[in-house]
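Text of work.tsv (TSV, C-alpha atoms) as supplied:
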chain	number	residue	atom	x	y	z
A	30	MET	CA	-1.59	-3.88	24.20
A	31	SER	CA	0.50	-5.86	21.74
A	32	MET	CA	-0.64	-5.84	18.14
A	33	ARG	CA	-1.38	-9.13	16.46
A	34	ASP	CA	-3.46	-10.59	13.68
A	35	ASN	CA	-7.08	-11.49	14.36
A	36	GLY	CA	-7.30	-15.26	13.94
A	37	GLU	CA	-11.10	-15.15	13.76
A	38	GLU	CA	-11.20	-12.88	10.68
A	39	MET	CA	-13.12	-14.63	7.87
A	40	PHE	CA	-11.54	-15.22	4.46
A	41	PRO	CA	-13.08	-16.70	1.33
A	42	VAL	CA	-11.73	-20.10	0.27
A	43	VAL	CA	-11.32	-20.21	-3.53
A	44	ASP	CA	-10.29	-22.42	-6.42
A	45	GLU	CA	-7.33	-21.53	-8.65
A	46	GLU	CA	-9.58	-19.35	-10.86
A	47	GLY	CA	-10.72	-17.32	-7.85
A	48	ASN	CA	-14.22	-18.78	-7.60
A	49	ILE	CA	-15.44	-18.83	-4.00
A	50	LEU	CA	-15.99	-22.33	-2.64
A	51	ASP	CA	-16.25	-21.77	1.10
A	52	ALA	CA	-15.11	-19.56	3.97
A	53	ALA	CA	-12.60	-20.12	6.76
A	54	THR	CA	-10.93	-18.15	9.55
A	55	ARG	CA	-7.50	-16.53	9.21
A	56	ALA	CA	-6.21	-18.99	11.82
A	57	LYS	CA	-7.45	-21.98	9.80
A	58	CYS	CA	-6.02	-20.59	6.54
A	59	HIS	CA	-2.60	-20.17	8.19
A	60	ASP	CA	-2.40	-23.40	10.21
A	61	GLY	CA	-1.03	-25.65	7.49
A	62	SER	CA	-4.49	-26.57	6.16
A	63	LYS	CA	-3.41	-25.16	2.78
A	64	LEU	CA	-6.91	-23.80	2.15
A	65	LEU	CA	-6.47	-21.56	-0.90
A	66	HIS	CA	-7.44	-17.97	-0.06
A	67	PRO	CA	-7.15	-14.79	-2.16
A	68	VAL	CA	-4.74	-11.93	-1.46
A	69	VAL	CA	-3.86	-8.70	-3.24
A	70	HIS	CA	-0.40	-7.22	-3.81
A	71	LEU	CA	0.28	-3.71	-5.11
A	72	HIS	CA	3.65	-2.86	-6.66
A	73	LEU	CA	3.74	0.92	-6.32
A	74	PHE	CA	6.20	2.87	-8.46
A	75	ASP	CA	6.97	6.57	-8.37
A	76	LYS	CA	7.49	8.67	-11.51
A	77	GLU	CA	11.26	7.94	-11.34
A	78	GLY	CA	10.65	4.19	-11.54
A	79	ARG	CA	11.53	3.46	-7.92
A	80	LEU	CA	9.50	0.78	-6.14
A	81	TYR	CA	7.92	1.42	-2.74
A	82	LEU	CA	8.34	-1.39	-0.21
A	83	GLN	CA	6.92	-1.83	3.27
A	84	LYS	CA	8.71	-3.39	6.21
A	85	ARG	CA	6.57	-5.94	8.01
A	86	PRO	CA	6.32	-5.41	11.77
A	87	GLU	CA	7.84	-7.92	14.18
A	88	TRP	CA	4.39	-8.93	15.47
A	89	LYS	CA	3.13	-10.33	12.15
A	90	ASP	CA	2.40	-14.06	12.10
A	91	ILE	CA	4.01	-14.47	8.66
A	92	GLN	CA	7.50	-13.15	7.69
A	93	PRO	CA	8.00	-10.59	10.52
A	94	GLY	CA	10.64	-7.87	9.99
A	95	LYS	CA	11.06	-8.50	6.25
A	96	TRP	CA	10.62	-5.98	3.43
A	97	ASP	CA	7.65	-6.74	1.21
A	98	THR	CA	5.35	-5.45	-1.54
A	99	ALA	CA	4.06	-1.88	-0.96
A	100	VAL	CA	0.58	-3.19	-0.18
A	101	GLY	CA	-0.33	-6.73	0.62
A	102	GLY	CA	-3.46	-8.02	2.22
A	103	HIS	CA	-6.16	-10.62	2.35
A	104	VAL	CA	-9.42	-10.33	0.48
A	105	ASP	CA	-12.17	-10.33	3.10
A	106	LEU	CA	-15.28	-12.43	2.76
A	107	GLY	CA	-17.80	-10.44	0.70
A	108	GLU	CA	-15.42	-8.19	-1.25
A	109	ASN	CA	-13.79	-8.57	-4.67
A	110	ILE	CA	-10.08	-8.17	-5.41
A	111	TYR	CA	-10.43	-4.55	-6.55
A	112	GLN	CA	-12.32	-3.57	-3.38
A	113	ALA	CA	-9.70	-5.36	-1.29
A	114	LEU	CA	-6.87	-3.60	-3.13
A	115	LYS	CA	-8.39	-0.13	-2.58
A	116	ARG	CA	-9.11	-0.89	1.10
A	117	GLU	CA	-5.64	-2.28	1.81
A	118	ALA	CA	-3.88	0.58	-0.04
A	119	LYS	CA	-5.77	3.11	2.06
A	120	GLU	CA	-5.26	1.20	5.32
A	121	GLU	CA	-1.58	0.40	4.86
A	122	ILE	CA	-0.10	3.43	3.07
A	123	GLY	CA	-2.89	6.03	2.89
A	124	LEU	CA	-3.09	5.74	-0.89
A	125	GLU	CA	-6.37	6.65	-2.59
A	126	ASP	CA	-7.46	7.57	-6.13
A	127	PHE	CA	-5.03	5.42	-8.07
A	128	GLU	CA	-5.33	3.35	-11.22
A	129	ALA	CA	-4.06	-0.20	-10.85
A	130	GLU	CA	-3.29	-2.73	-13.55
A	131	LEU	CA	-3.63	-6.47	-12.82
A	132	LEU	CA	-0.28	-8.03	-13.76
A	133	ALA	CA	-0.64	-11.63	-12.66
A	134	GLN	CA	-2.71	-14.14	-10.73
A	135	TYR	CA	-0.89	-17.19	-9.36
A	136	VAL	CA	-0.81	-19.62	-6.46
A	137	PHE	CA	1.87	-19.08	-3.82
A	138	GLU	CA	2.50	-21.88	-1.38
A	139	SER	CA	4.57	-21.77	1.81
A	140	ASP	CA	4.95	-24.24	4.69
A	141	VAL	CA	1.81	-22.92	6.36
A	142	GLU	CA	-0.50	-21.59	3.66
A	143	ARG	CA	-1.63	-21.39	0.03
A	144	GLU	CA	-2.61	-18.01	-1.40
A	145	LEU	CA	-4.17	-17.02	-4.71
A	146	VAL	CA	-2.13	-13.88	-5.32
A	147	ASN	CA	-3.62	-11.07	-7.43
A	148	SER	CA	-0.69	-8.83	-8.24
A	149	PHE	CA	-1.24	-5.23	-9.35
A	150	LYS	CA	0.98	-2.36	-10.46
A	151	ALA	CA	0.36	1.37	-10.06
A	152	ILE	CA	2.35	4.55	-10.59
A	153	SER	CA	1.75	7.48	-8.28
A	154	ASP	CA	3.39	10.80	-7.45
A	155	LYS	CA	1.84	10.76	-3.96
A	156	THR	CA	4.10	9.96	-1.01
A	157	PRO	CA	2.85	6.87	0.83
A	158	VAL	CA	2.23	7.26	4.55
A	159	PRO	CA	2.76	3.94	6.36
A	160	SER	CA	0.10	3.12	8.94
A	161	SER	CA	0.64	1.57	12.35
A	162	GLU	CA	0.15	-1.81	10.60
A	163	LEU	CA	3.64	-1.39	9.09
A	164	ALA	CA	7.07	-0.98	10.67
A	165	GLU	CA	8.17	1.49	7.96
A	166	GLY	CA	8.23	2.03	4.21
A	167	LYS	CA	10.50	3.59	1.57
A	168	PHE	CA	11.20	3.81	-2.14
A	169	TRP	CA	13.97	1.55	-3.48
A	170	THR	CA	15.73	1.82	-6.82
A	171	LEU	CA	15.61	-1.38	-8.84
A	172	GLU	CA	19.42	-1.54	-8.49
A	173	GLU	CA	19.08	-1.50	-4.69
A	174	ILE	CA	16.51	-4.28	-4.87
A	175	GLU	CA	18.66	-6.39	-7.23
A	176	ALA	CA	21.66	-6.00	-4.90
A	177	SER	CA	19.63	-7.17	-1.88
A	178	ILE	CA	17.89	-10.21	-3.37
A	179	GLY	CA	18.84	-13.50	-1.74
A	180	LYS	CA	20.18	-11.87	1.44
A	181	GLY	CA	17.22	-12.46	3.75
A	182	ILE	CA	16.08	-8.82	3.53
A	183	PHE	CA	12.89	-9.42	1.53
A	184	THR	CA	10.04	-11.90	1.95
A	185	PRO	CA	10.49	-14.98	-0.28
A	186	ASN	CA	7.14	-14.16	-1.89
A	187	PHE	CA	8.28	-10.64	-2.85
A	188	GLU	CA	11.54	-11.97	-4.32
A	189	SER	CA	9.84	-14.62	-6.45
A	190	GLU	CA	7.16	-12.18	-7.62
A	191	TYR	CA	9.70	-9.45	-8.42
A	192	LYS	CA	11.75	-11.87	-10.53
A	193	GLN	CA	8.61	-13.12	-12.29
A	194	LEU	CA	7.19	-9.67	-13.07
A	195	PHE	CA	10.08	-7.23	-13.42
A	196	LYS	CA	13.12	-9.18	-14.63
Now, as a test, write the supplied structure out as structure tokens.
Amino acid sequence: MSMRDNGEEMFPVVDEEGNILDAATRAKCHDGSKLLHPVVHLHLFDKEGRLYLQKRPEWKDIQPGKWDTAVGGHVDLGENIYQALKREAKEEIGLEDFEAELLAQYVFESDVERELVNSFKAISDKTPVPSSELAEGKFWTLEEIEASIGKGIFTPNFESEYKQLFK
């Protein structure tokens, strides 16, 4: 069976402050409707200051095969951003029991969607274990990241967020 995203999954539709206005399916949120829906990103650093990135699998509907934030996922209908962050961190990289700091909340718009991004940072000495949802994952030095920006290696969202938060 080939993996793919579930288009019927329900997401909250929000305003730019994160207040829930409505609900819509994943498919509807990603079909160019530009319905604003909340997502969480976790920038995970190790004690040496390296940043963990995940490689998106080829079957993803958005940005397949690109390196991206350590954890990234949609907030499901009925959960808050902190619950979503903990769930996604556990699902994607097996990370539990971490303290996360909210760094930024902003609207990201692409050709097909608008997301209200809630971007967090955490430092952990635990080694992430990528799940089957990811192609792979590894720690990058900031120098390695800087040298690779603009070369089609990372998702555009990761690049813009990295520049905004860590430059």
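Distance-wise, CA of Asn35 (chain A) and CA of Arg116 (chain A) end up 17.1 Å apart.
Among the candidates A:Ala52, A:Gly123, A:Leu64, A:Glu130, the one nearest to Gly107 (chain A) when counting only C-alpha atoms is A:Ala52.
Excluding Phe127 (chain A) and any residue on its chain fewer than 6 positions from it, the residues at most 8 Å away by only C-alpha atoms are Ala151, Ile152 and Ser153 of chain A.
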Next item on the list: Using CA of Ile174 (chain A) and CA of Lys196 (chain A) as the two end points, give the distance in Å to one decimal.
Entry: 11.4 Å
Notebook entry, point to check: If I put a ball of radius 9 Å at (13.1, 1.0, 7.4) in the file's coordinates, which residues poke into it when counting only C-alpha atoms, written as a VMD selection string?
Noted result: chain A and resid 83 to 84 96 164 to 167
Quick one: write out the picked residues with C-alpha atoms as a PDB file, keeping the file's coordinate frame?
ATOM      1  CA  GLN A  83       6.920  -1.830   3.270  1.00  0.00           C
ATOM      2  CA  LYS A  84       8.710  -3.390   6.210  1.00  0.00           C
ATOM      3  CA  TRP A  96      10.620  -5.980   3.430  1.00  0.00           C
ATOM      4  CA  ALA A 164       7.070  -0.980  10.670  1.00  0.00           C
ATOM      5  CA  GLU A 165       8.170   1.490   7.960  1.00  0.00           C
ATOM      6  CA  GLY A 166       8.230   2.030   4.210  1.00  0.00           C
ATOM      7  CA  LYS A 167      10.500   3.590   1.570  1.00  0.00           C
TER       8      LYS A 167
END
Checklist line | Pick from A:Glu188, A:Asp75, A:Asp60, A:Glu144, whichever lies nearest to Lys95 (chain A) using all atoms listed in the file | finding: A:Glu188
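Closest to Pro159 (chain A) among A:His103, A:Lys180, A:Arg85, A:Arg55 is A:Arg85, based on all atoms listed in the file.
We find CA of Gly47 (chain A) and CA of Gln112 (chain A) to be spaced 14.5 Å apart.
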Note to self: Can you pull out the residues contacting Leu80 (chain A)? Cut-off 6 Å, using only C-alpha atoms, and skip same-chain residues under 5 positions away; I want them as a PyMOL selection string.
What the structure shows: chain A and resi 73-74+168-169
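With all atoms listed in the file as the basis for measurement, A:Leu71 is the residue among A:Leu71, A:Val136, A:Trp88, A:Leu124 that approaches Tyr191 (chain A) most closely.
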Notebook entry, point to check: Quick one: residues within 12 Å of Gln92 (chain A), all atoms listed in the file counted, chain neighbours fewer than 4 positions away excluded, as a list in words?
Noted result: Lys84, Arg85, Pro86, Glu87, Trp88, Trp96, Asp97, Ser139, Asp140, Val141, Gly181, Ile182, Phe183, Thr184, Pro185, Asn186 and Phe187 of chain A
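Nearest residue to His70 (chain A) among A:Glu117, A:Glu172, A:Asp90, A:Asp154 is A:Glu117, counting all atoms listed in the file.
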Report as JSON the centre and the edge lengths, in Å to one decimal, of the axis-aligned box holding every listed atom of region 162-181 of chain A, padded by 4 Å on each side.
{"center_x": 10.9, "center_y": -4.8, "center_z": 0.9, "size_x": 29.5, "size_y": 25.3, "size_z": 27.5}
Margin query: Is it possible to get the residues within 12 Å of (-14.1, -10.3, -6.7) (coordinates as in the file, counting all atoms listed in the file) written as a list of chain:residue names?
Written below: A:Pro41, A:Val43, A:Glu46, A:Gly47, A:Asn48, A:Ile49, A:Pro67, A:Val68, A:Val69, A:Val104, A:Asp105, A:Leu106, A:Gly107, A:Glu108, A:Asn109, A:Ile110, A:Tyr111, A:Gln112, A:Ala113, A:Leu114, A:Asn147
